[in-house]
Structure formats: structure tokens, C-alpha cells
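Undergrad: Structure file my_file_28.cif (mmCIF, C-alpha atoms) right here:
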```
data_target
#
loop_
_atom_site.label_atom_id
_atom_site.label_comp_id
_atom_site.auth_asym_id
_atom_site.auth_seq_id
_atom_site.Cartn_x
_atom_site.Cartn_y
_atom_site.Cartn_z
CA MET G 1 -102.93 -86.49 -120.11
CA ALA G 2 -103.56 -85.99 -116.43
CA LYS G 3 -101.10 -87.36 -113.94
CA ASN G 4 -101.53 -88.27 -110.31
CA HIS G 5 -99.59 -85.68 -108.30
CA GLU G 6 -99.82 -87.76 -105.15
CA ASN G 7 -96.53 -86.53 -103.70
CA GLU G 8 -97.85 -82.94 -103.40
CA LYS G 9 -98.63 -82.20 -99.73
CA PHE G 10 -100.57 -79.01 -100.43
CA PRO G 11 -102.77 -77.81 -103.32
CA VAL G 12 -99.97 -75.42 -104.36
CA SER G 13 -101.21 -74.50 -107.83
CA HIS G 14 -104.75 -73.88 -106.52
CA ILE G 15 -103.47 -71.56 -103.77
CA ALA G 16 -101.29 -69.72 -106.32
CA GLY G 17 -104.26 -69.41 -108.70
CA PHE G 18 -106.45 -68.10 -105.88
CA ILE G 19 -103.92 -65.47 -104.78
CA VAL G 20 -103.35 -64.27 -108.36
CA SER G 21 -107.15 -64.15 -108.95
CA LEU G 22 -107.55 -61.99 -105.83
CA LEU G 23 -104.74 -59.67 -106.98
CA LEU G 24 -106.36 -59.34 -110.44
CA THR G 25 -109.75 -58.61 -108.84
CA PHE G 26 -108.30 -55.88 -106.62
CA ALA G 27 -106.24 -54.50 -109.53
CA THR G 28 -109.53 -54.09 -111.45
CA VAL G 29 -111.06 -52.14 -108.55
CA GLY G 30 -107.87 -50.08 -108.25
CA ALA G 31 -107.84 -49.21 -111.95
CA VAL G 32 -111.47 -48.06 -111.80
CA LYS G 33 -111.52 -46.31 -108.43
CA TYR G 34 -108.03 -44.94 -107.91
CA THR G 35 -106.69 -43.86 -111.32
CA ASP G 36 -107.50 -40.87 -113.49
CA LEU G 37 -106.72 -42.56 -116.81
CA PRO G 38 -109.01 -41.95 -119.80
CA VAL G 39 -112.14 -44.16 -119.73
CA VAL G 40 -111.11 -46.04 -122.89
CA THR G 41 -107.71 -46.91 -121.36
CA ILE G 42 -109.38 -48.14 -118.15
CA MET G 43 -111.80 -50.27 -120.18
CA TRP G 44 -108.91 -51.95 -122.02
CA ILE G 45 -107.01 -52.53 -118.77
CA ILE G 46 -109.93 -54.08 -116.88
CA GLY G 47 -110.96 -56.11 -119.95
CA ALA G 48 -107.44 -57.53 -120.19
CA LEU G 49 -107.41 -58.30 -116.44
CA ALA G 50 -110.73 -60.18 -116.81
CA VAL G 51 -109.42 -62.25 -119.73
CA ILE G 52 -106.22 -63.10 -117.82
CA GLN G 53 -108.23 -64.21 -114.79
CA ALA G 54 -110.56 -66.32 -116.94
CA ILE G 55 -107.61 -68.06 -118.63
CA LEU G 56 -106.00 -68.61 -115.22
CA GLN G 57 -109.14 -70.35 -113.94
CA LEU G 58 -109.44 -72.49 -117.07
CA PHE G 59 -105.91 -73.83 -116.69
CA MET G 60 -105.23 -73.81 -112.93
CA PHE G 61 -108.68 -74.74 -111.56
CA MET G 62 -110.43 -76.49 -114.46
CA HIS G 63 -107.51 -78.60 -115.79
CA LEU G 64 -108.48 -77.68 -119.37
CA THR G 65 -105.56 -79.53 -120.95
CA GLU G 66 -106.21 -82.86 -119.19
CA GLY G 67 -108.21 -85.76 -120.62
CA GLU G 68 -109.03 -85.04 -124.26
CA GLY G 69 -106.99 -81.86 -123.79
CA LYS G 70 -106.44 -80.79 -127.39
CA VAL G 71 -110.09 -81.13 -128.45
CA GLN G 72 -111.23 -79.37 -125.26
CA LEU G 73 -108.78 -76.52 -125.80
CA ILE G 74 -109.82 -76.02 -129.45
CA ASN G 75 -113.51 -76.14 -128.45
CA ILE G 76 -113.05 -73.47 -125.76
CA ILE G 77 -110.98 -71.24 -128.07
CA TYR G 78 -113.75 -71.52 -130.68
CA ALA G 79 -116.39 -70.73 -128.04
CA PHE G 80 -114.46 -67.60 -127.02
CA PHE G 81 -114.17 -66.63 -130.69
CA CYS G 82 -117.96 -66.96 -131.09
CA ALA G 83 -118.49 -65.04 -127.84
CA ILE G 84 -116.28 -62.13 -128.95
CA VAL G 85 -117.93 -61.94 -132.38
CA VAL G 86 -121.45 -62.07 -130.87
CA ALA G 87 -120.78 -59.58 -128.04
CA ALA G 88 -118.38 -57.11 -129.69
CA GLY G 89 -120.15 -57.38 -133.08
CA THR G 90 -123.61 -56.76 -131.62
CA ILE G 91 -122.50 -53.88 -129.41
CA TRP G 92 -120.66 -52.23 -132.31
CA VAL G 93 -123.67 -52.58 -134.65
CA MET G 94 -126.14 -51.32 -132.06
CA THR G 95 -124.15 -48.44 -130.55
CA SER G 96 -121.83 -47.04 -133.25
CA GLY G 97 -124.60 -44.87 -134.70
CA HIS G 98 -125.21 -46.74 -137.94
CA VAL G 99 -128.57 -48.09 -136.67
CA HIS G 100 -130.14 -44.72 -137.44
CA TYR G 101 -129.70 -45.10 -141.20
CA MET W 1 -115.76 -104.52 -118.36
CA ALA W 2 -114.32 -101.36 -119.89
CA LYS W 3 -110.57 -100.93 -120.11
CA VAL W 4 -109.33 -99.20 -116.97
CA ASP W 5 -106.09 -97.21 -116.90
CA THR W 6 -105.15 -96.94 -113.23
CA SER W 7 -102.21 -94.61 -113.93
CA LEU W 8 -104.79 -91.84 -114.47
CA PRO W 9 -106.95 -90.05 -111.87
CA LEU W 10 -110.21 -91.97 -111.17
CA GLU W 11 -112.38 -89.69 -113.32
CA TYR W 12 -110.29 -90.35 -116.47
CA GLN W 13 -109.78 -94.11 -116.03
CA THR W 14 -112.39 -95.31 -118.53
CA GLU W 15 -112.96 -94.14 -122.08
CA GLN W 16 -116.64 -93.49 -121.23
CA ASN W 17 -115.55 -91.12 -118.45
CA ARG W 18 -113.10 -89.27 -120.71
CA LEU W 19 -115.83 -88.83 -123.32
CA ASN W 20 -118.34 -87.62 -120.71
CA ILE W 21 -115.86 -84.98 -119.54
CA LEU W 22 -115.14 -83.97 -123.15
CA GLY W 23 -118.90 -83.72 -123.73
CA PHE W 24 -119.22 -81.43 -120.75
CA TRP W 25 -116.51 -79.16 -122.13
CA ILE W 26 -118.53 -78.90 -125.36
CA PHE W 27 -121.60 -77.99 -123.27
CA LEU W 28 -119.52 -75.27 -121.56
CA GLY W 29 -118.58 -73.93 -125.00
CA ALA W 30 -122.30 -73.50 -125.72
CA GLU W 31 -122.77 -71.84 -122.32
CA ILE W 32 -120.02 -69.33 -123.18
CA VAL W 33 -121.96 -68.35 -126.31
CA LEU W 34 -125.25 -68.21 -124.35
CA PHE W 35 -123.74 -65.71 -121.91
CA ALA W 36 -122.06 -63.82 -124.77
CA SER W 37 -125.50 -63.16 -126.30
CA LEU W 38 -126.75 -61.80 -122.95
CA PHE W 39 -123.64 -59.61 -122.61
CA ALA W 40 -124.32 -58.38 -126.16
CA THR W 41 -127.86 -57.38 -125.18
CA TYR W 42 -126.68 -55.65 -122.02
CA GLY W 43 -123.85 -53.88 -123.85
CA SER W 44 -126.28 -52.60 -126.49
CA LEU W 45 -128.95 -51.35 -124.07
CA LYS W 46 -126.85 -50.33 -121.08
CA ASP W 47 -127.51 -46.59 -121.48
CA ASN W 48 -131.27 -46.79 -122.15
CA PHE W 49 -132.54 -45.71 -118.72
CA ALA W 50 -136.05 -44.47 -119.74
CA GLY W 51 -135.83 -41.91 -116.92
CA GLY W 52 -135.31 -44.70 -114.35
CA PRO W 53 -132.36 -45.38 -112.02
CA THR W 54 -128.84 -45.47 -113.49
CA PRO W 55 -125.88 -47.67 -112.42
CA THR W 56 -124.56 -44.73 -110.36
CA ASP W 57 -127.85 -44.66 -108.43
CA LEU W 58 -127.92 -48.41 -107.86
CA PHE W 59 -124.55 -50.17 -107.74
CA VAL W 60 -122.71 -50.35 -104.41
CA LEU W 61 -119.06 -51.44 -104.76
CA LYS W 62 -118.95 -53.07 -101.30
CA ASP W 63 -121.93 -55.36 -102.04
CA VAL W 64 -120.50 -56.32 -105.43
CA MET W 65 -117.12 -57.09 -103.84
CA ILE W 66 -118.75 -59.34 -101.20
CA GLU W 67 -120.48 -61.36 -103.95
CA THR W 68 -117.30 -61.49 -106.03
CA LEU W 69 -115.12 -62.67 -103.16
CA LEU W 70 -117.68 -65.30 -102.07
CA LEU W 71 -117.86 -66.78 -105.57
CA LEU W 72 -114.11 -66.56 -106.22
CA THR W 73 -113.33 -68.25 -102.89
CA SER W 74 -115.91 -70.96 -103.63
CA SER W 75 -114.20 -71.61 -106.97
CA PHE W 76 -110.92 -72.06 -105.06
CA THR W 77 -112.44 -74.37 -102.40
CA CYS W 78 -114.03 -76.43 -105.20
CA GLY W 79 -110.53 -76.84 -106.69
CA VAL W 80 -109.27 -77.97 -103.27
CA ALA W 81 -112.12 -80.53 -103.12
CA ILE W 82 -110.95 -82.06 -106.42
CA TRP W 83 -107.37 -82.02 -105.13
CA TYR W 84 -108.55 -84.19 -102.19
CA MET W 85 -110.51 -86.43 -104.57
CA ARG W 86 -107.31 -87.13 -106.50
CA ARG W 87 -105.73 -88.27 -103.24
CA HIS W 88 -108.69 -90.65 -102.71
CA ASN W 89 -109.59 -88.68 -99.59
CA LEU W 90 -113.39 -88.90 -99.51
CA LYS W 91 -113.75 -87.01 -96.23
CA GLY W 92 -111.62 -84.10 -97.49
CA LEU W 93 -113.55 -84.07 -100.76
CA ILE W 94 -116.98 -83.91 -99.09
CA THR W 95 -115.82 -81.35 -96.49
CA TRP W 96 -114.49 -78.95 -99.13
CA LEU W 97 -117.53 -79.48 -101.36
CA ILE W 98 -119.79 -78.47 -98.45
CA ILE W 99 -117.63 -75.36 -97.81
CA THR W 100 -117.96 -74.57 -101.53
CA LEU W 101 -121.74 -74.85 -101.36
CA LEU W 102 -121.99 -72.67 -98.24
CA LEU W 103 -120.01 -69.95 -100.03
CA GLY W 104 -122.20 -70.41 -103.12
CA ALA W 105 -125.35 -70.13 -100.98
CA GLY W 106 -123.88 -66.96 -99.44
CA PHE W 107 -123.40 -65.57 -102.94
CA VAL W 108 -127.04 -66.30 -103.89
CA PHE W 109 -128.22 -64.77 -100.59
CA PHE W 110 -126.35 -61.51 -101.21
CA GLU W 111 -127.45 -61.39 -104.84
CA VAL W 112 -131.13 -61.87 -103.96
CA ASN W 113 -130.76 -59.13 -101.31
CA GLU W 114 -129.20 -56.87 -103.93
CA PHE W 115 -132.13 -57.47 -106.30
CA ILE W 116 -134.70 -56.83 -103.54
CA HIS W 117 -132.86 -53.60 -102.68
CA TYR W 118 -133.02 -52.52 -106.36
CA VAL W 119 -136.74 -53.28 -106.63
CA HIS W 120 -137.36 -51.16 -103.50
CA GLU W 121 -135.53 -48.31 -105.23
CA GLY W 122 -137.93 -48.63 -108.17
CA ALA W 123 -135.52 -50.57 -110.39
CA THR W 124 -137.47 -53.56 -111.71
CA MET W 125 -137.17 -55.67 -114.85
CA GLN W 126 -139.84 -53.51 -116.51
CA THR W 127 -138.35 -50.11 -115.61
CA SER W 128 -135.93 -49.68 -118.51
CA ALA W 129 -134.01 -51.58 -121.19
CA PHE W 130 -130.87 -51.20 -119.05
CA LEU W 131 -132.59 -52.97 -116.14
CA SER W 132 -134.30 -55.62 -118.32
CA SER W 133 -130.97 -56.65 -119.83
CA PHE W 134 -129.27 -56.40 -116.41
CA PHE W 135 -131.78 -58.69 -114.70
CA VAL W 136 -131.83 -61.21 -117.56
CA LEU W 137 -128.01 -61.50 -117.57
CA LEU W 138 -127.62 -61.56 -113.77
CA GLY W 139 -130.72 -63.71 -113.33
CA THR W 140 -129.45 -66.34 -115.79
CA HIS W 141 -126.15 -66.47 -113.93
CA GLY W 142 -127.83 -66.59 -110.50
CA LEU W 143 -130.13 -69.37 -111.70
CA HIS W 144 -127.09 -71.34 -112.86
CA VAL W 145 -125.51 -70.98 -109.41
CA SER W 146 -128.76 -72.07 -107.71
CA VAL W 147 -129.09 -75.11 -110.00
CA GLY W 148 -125.42 -75.89 -109.32
CA ILE W 149 -126.08 -75.96 -105.56
CA GLY W 150 -128.93 -78.49 -105.99
CA TRP W 151 -126.85 -80.57 -108.40
CA ALA W 152 -123.83 -80.61 -106.06
CA ILE W 153 -125.98 -81.67 -103.09
CA SER W 154 -127.19 -84.69 -105.08
CA ILE W 155 -123.57 -85.55 -105.96
CA ILE W 156 -122.53 -85.28 -102.30
CA ILE W 157 -125.34 -87.72 -101.38
CA GLN W 158 -124.07 -90.16 -104.03
CA LEU W 159 -120.50 -89.80 -102.75
CA ALA W 160 -121.63 -90.49 -99.18
CA ARG W 161 -123.61 -93.58 -100.27
CA ARG W 162 -121.35 -95.10 -102.91
CA GLY W 163 -117.91 -93.77 -102.01
CA LEU W 164 -115.27 -92.85 -104.61
CA THR W 165 -115.60 -94.91 -107.78
CA PRO W 166 -114.62 -93.95 -111.35
CA THR W 167 -118.31 -93.02 -111.88
CA THR W 168 -118.80 -90.83 -108.80
CA ALA W 169 -115.35 -89.27 -109.37
CA ARG W 170 -116.34 -88.35 -112.94
CA LYS W 171 -119.65 -86.86 -111.76
CA THR W 172 -117.84 -84.84 -109.10
CA PHE W 173 -115.23 -83.62 -111.59
CA ILE W 174 -117.97 -82.48 -113.98
CA ILE W 175 -119.85 -80.48 -111.31
CA SER W 176 -116.49 -78.89 -110.39
CA LEU W 177 -116.03 -77.78 -114.02
CA TYR W 178 -119.54 -76.29 -113.97
CA TRP W 179 -118.84 -74.47 -110.70
CA HIS W 180 -115.53 -72.96 -111.88
CA PHE W 181 -117.24 -71.93 -115.12
CA LEU W 182 -119.82 -69.90 -113.17
CA ASP W 183 -116.98 -67.97 -111.56
CA VAL W 184 -115.44 -67.36 -115.00
CA VAL W 185 -118.75 -65.82 -116.14
CA TRP W 186 -118.89 -63.75 -112.95
CA ILE W 187 -115.42 -62.27 -113.66
CA PHE W 188 -116.92 -60.72 -116.81
CA ILE W 189 -120.11 -59.60 -115.02
CA PHE W 190 -118.01 -58.01 -112.26
CA THR W 191 -115.82 -56.25 -114.84
CA PHE W 192 -118.26 -55.16 -117.55
CA VAL W 193 -121.63 -54.95 -115.78
CA TYR W 194 -120.50 -53.38 -112.51
CA LEU W 195 -117.00 -51.88 -112.50
CA ALA W 196 -117.06 -50.50 -116.05
CA ARG W 197 -120.10 -48.45 -114.95
CA MET W 198 -118.24 -47.03 -111.94
CA VAL W 199 -115.38 -45.42 -113.92
#
```
Show this structure as C-alpha cells.

TA:
Amino acid sequence: MAKNHENEKFPVSHIAGFIVSLLLTFATVGAVKYTDLPVVTIMWIIGALAVIQAILQLFMFMHLTEGEGKVQLINIIYAFFCAIVVAAGTIWVMTSGHVHY
Amino acid sequence: MAKVDTSLPLEYQTEQNRLNILGFWIFLGAEIVLFASLFATYGSLKDNFAGGPTPTDLFVLKDVMIETLLLLTSSFTCGVAIWYMRRHNLKGLITWLIITLLLGAGFVFFEVNEFIHYVHEGATMQTSAFLSSFFVLLGTHGLHVSVGIGWAISIIIQLARRGLTPTTARKTFIISLYWHFLDVVWIFIFTFVYLARMV
């Protein structure tokens, strides 16, 4: 359940979340623009950075675990599961070459 | 009168409010799947250029970064607005909501400019499957941001007229969830639509 953090003088967790989000954003640009890693490696790195930043926003900005926290968390995990199956599944089916048969 | 638990923040104090917020989370789950289907389309058709412009011809990192930083900062300022709401500071809440909307409007402005620039380079929705799926995905996101701006303005008017009550606090909290969610979607657009094409 959510608590009133009325003693906090400054939105500390929001500022921390913002700084980390900025670092993750610039790390993504750095990985793409300033490294010579294989394309597949870069894709995995920037994909992971995106997922980390999304999770960060869900918890630090959106207070996912407040209120009916457990139901909300399960619902969002299920939505991400559906999203991964739809996106990764479709792209694999349509681009792996099997569509020609 | 509904049971009110004053140990909780205003927006969670009644059962109705808690259920409304839960309902909005379920809506966001559906939105995640909506955007996943558009990412799936883009990911499948991203290399079908039909002789038209390619990402290398079109995308400019600086412009994408400006949009990204505007939306990311607006997500942060929206969080600050809710932080003020939880301290029952109506003035702080409205001030930071207006800053959030100005940043959001800046995002829409730069995105519309980007689209106009593309169309001038001969990259329209009808040019290729790459561009059709690009404009549908980005357009759906941009439309969500635009709707969010109109929605938030109406909430600000309610806050100014009625002050902070459990009802206006719940409405404000829900628009904040929507706004943060749009930045979450943008993280994936930034990563997979733009930067993955600049490797």
C-alpha cells in the first residue's frame, strides 16, 4: 500500500529515476554511435537498456506496486508477455525466411 | 458516504478510487499490446523500401534526441507534480503539470516538424511499407500524446475550480500514469525504430 512520505523535502526518488533514465538514454546512443561491436550484440545491449529504463519508470515514476499493487503488477507482467509474443513472434515469422514456403 | 482511509494518499482513500486506478492499469496493459502489434508490423516491414528513402536517408540523431529528452523530462516533471499533490500543494501540482504540458507540446511540435521534413523529402505514408508502418506506429504514439495534452488541460481546469479532493486527486493520478506510459512507449520507439537503424 502507498504511504504518505510527507517528511521528504525533495522528490529524491524522482530525481534519481530521471538521472538514471538520462544515463540509460545516452548509453544507448553511445552503444550505437561509438562502439564497433557486432550488430547483434548492439541490438541486445540497447534492447536490455530499453527494458531497464521501462521498468525503472514503472516503479519509480508510476508507483506500480501501490494501491492494488499485486494485481497491477501481474497485469503488467502479462501485458509484457503478450507484447513480446506478438512482436517477437510476428517478426520471426515474417522475416526468418519461412514465409516463402 | 464511502469508507475513507486518511492514512493513504488522497487518490487511494476510497475503494472506488482504488478500483478506478486498478482499472486504468488494466487499460494500460491493453495499450502495451496495441503498441506491440504496431512494433510487430514495423519490425516485419522495416526493410521494404520500394526504392524510396531509407532510415539512413531520413533519420537525424539530433532531432530524435531533442524529442526524446523533451518527453523524458516531461515524464519526470509529471512525477514531480504528483509528488506535490501528495503534499497537498495545489499550486506546486498545477505549476509542474503546466511545465509537463509545455514539454509535451514541444515534443509534438518537433515530431510534426520531423514528419513535414520527411514528406518534403518524398517520404510519405504511401511511399513504402517501411514508411507506412513507421507513420502508423509514430502517428499512434503522437496522437496519444496530443490527446493526453487535451485531457490534462481539462484536469487542470477541474483542479483550479474544485481544488484537491479524493476525486480530483484520483483523476490527476490517472492522467499521470497515462503520461508516464507514453514515455515508456517512446523508449522503445527511440531504441528500435530510430537507434537500431543507425547502427

Undergrad: Please work out which residues fall within 12 Å of (-132.0, -54.4, -119.8), coordinates as given in the file, with all atoms listed in the file counting, and return them as a VMD selection string.

TA: chain W and resid 38 to 50 52 to 55 123 to 139 193

Undergrad: Please expand the PyMOL selection byres ((chain G) within 7 of (chain W)) into the concrete residues it hits in this file, giving the result as an MDAnalysis selection string.

TA: chainID G and resid 2:4 6 11 14 18 32:33 39 43 46 50 54 61:62 67:68 72 75:76 79:80 82:83 86:87 90:91 94:95

Undergrad: Spell out the residues picked by the PyMOL selection byres ((chain W and resi 154) around 12) here, as an MDAnalysis selection string.

TA: chainID W and resid 94 97:98 101 147:153 155:161 168 171:172 175

Undergrad: Taking (-131.5, -61.6, -103.4) in the file's own coordinates, collect the residues within 12 Å, counting all atoms listed in the file, and hand them back as JSON, numbers by chain.

TA: {"W": [63, 67, 105, 106, 107, 108, 109, 110, 111, 112, 113, 114, 115, 116, 117, 118, 119, 120, 135, 138, 139, 142, 143, 146]}

Undergrad: Filtering to C-alpha atoms, could you give me those residues as a CSV table (one decimal), in the coordinates of the input?

TA:
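result_6.csv was written with the following content:
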```csv
chain,number,residue,atom,x,y,z
W,63,ASP,CA,-121.9,-55.4,-102.0
W,67,GLU,CA,-120.5,-61.4,-104.0
W,105,ALA,CA,-125.4,-70.1,-101.0
W,106,GLY,CA,-123.9,-67.0,-99.4
W,107,PHE,CA,-123.4,-65.6,-102.9
W,108,VAL,CA,-127.0,-66.3,-103.9
W,109,PHE,CA,-128.2,-64.8,-100.6
W,110,PHE,CA,-126.4,-61.5,-101.2
W,111,GLU,CA,-127.4,-61.4,-104.8
W,112,VAL,CA,-131.1,-61.9,-104.0
W,113,ASN,CA,-130.8,-59.1,-101.3
W,114,GLU,CA,-129.2,-56.9,-103.9
W,115,PHE,CA,-132.1,-57.5,-106.3
W,116,ILE,CA,-134.7,-56.8,-103.5
W,117,HIS,CA,-132.9,-53.6,-102.7
W,118,TYR,CA,-133.0,-52.5,-106.4
W,119,VAL,CA,-136.7,-53.3,-106.6
W,120,HIS,CA,-137.4,-51.2,-103.5
W,135,PHE,CA,-131.8,-58.7,-114.7
W,138,LEU,CA,-127.6,-61.6,-113.8
W,139,GLY,CA,-130.7,-63.7,-113.3
W,142,GLY,CA,-127.8,-66.6,-110.5
W,143,LEU,CA,-130.1,-69.4,-111.7
W,146,SER,CA,-128.8,-72.1,-107.7
```

Undergrad: I need the residue set behind the PyMOL selection byres ((chain G and resi 19) around 12) for this file; please write it as a list in words.

TA: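 For this structure, the PyMOL selection byres ((chain G and resi 19) around 12) resolves to Val12, Ser13, His14, Ile15, Ala16, Gly17, Phe18, Val20, Ser21, Leu22, Leu23, Leu24, Thr25, Phe26, Gln53, Leu56, Gln57 and Met60 of chain G; Leu69, Leu72, Thr73 and Phe76 of chain W.
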
Undergrad: Report the distance between CA of Ala88 in chain G and CA of Ile42 in chain G in Å, rounded to one decimal place.

TA: 17.2 Å

Undergrad: Padding 4 Å on every side, please: axis-aligned box over the listed atoms of range 76-83 of chain G, centre and edge lengths to one decimal in Å, as lines of an AutoDock Vina configuration file.

TA:
```
center_x = -114.7
center_y = -69.3
center_z = -128.4
size_x = 15.5
size_y = 16.4
size_z = 13.3
```

Undergrad: Take CA of Leu164 in chain W and CA of Ile55 in chain G and report the distance between them in Å, one decimal.

TA: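 CA of Leu164 in chain W sits 29.5 Å away from CA of Ile55 in chain G.
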
Undergrad: Determine the nearest neighbour of Val29 in chain G from the options G:Leu49, G:Leu58, G:Ile84, G:Leu64, counting all atoms listed in the file.

TA: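 The answer is G:Leu49, which sits nearest to Val29 in chain G.
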
Undergrad: How many Å lie between CA of Gly92 in chain W and CA of Ile66 in chain W, rounded to one decimal?

TA: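 Rounded to one decimal, the two atoms are 26.0 Å apart.
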
Undergrad: Of the candidates G:Val51, G:Tyr34, G:Lys9, G:Phe59, which shows the shortest atom-to-atom distance to Leu73 in chain G, using only C-alpha atoms?

TA: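 Of the candidates, the smallest distance to Leu73 in chain G is held by G:Phe59.
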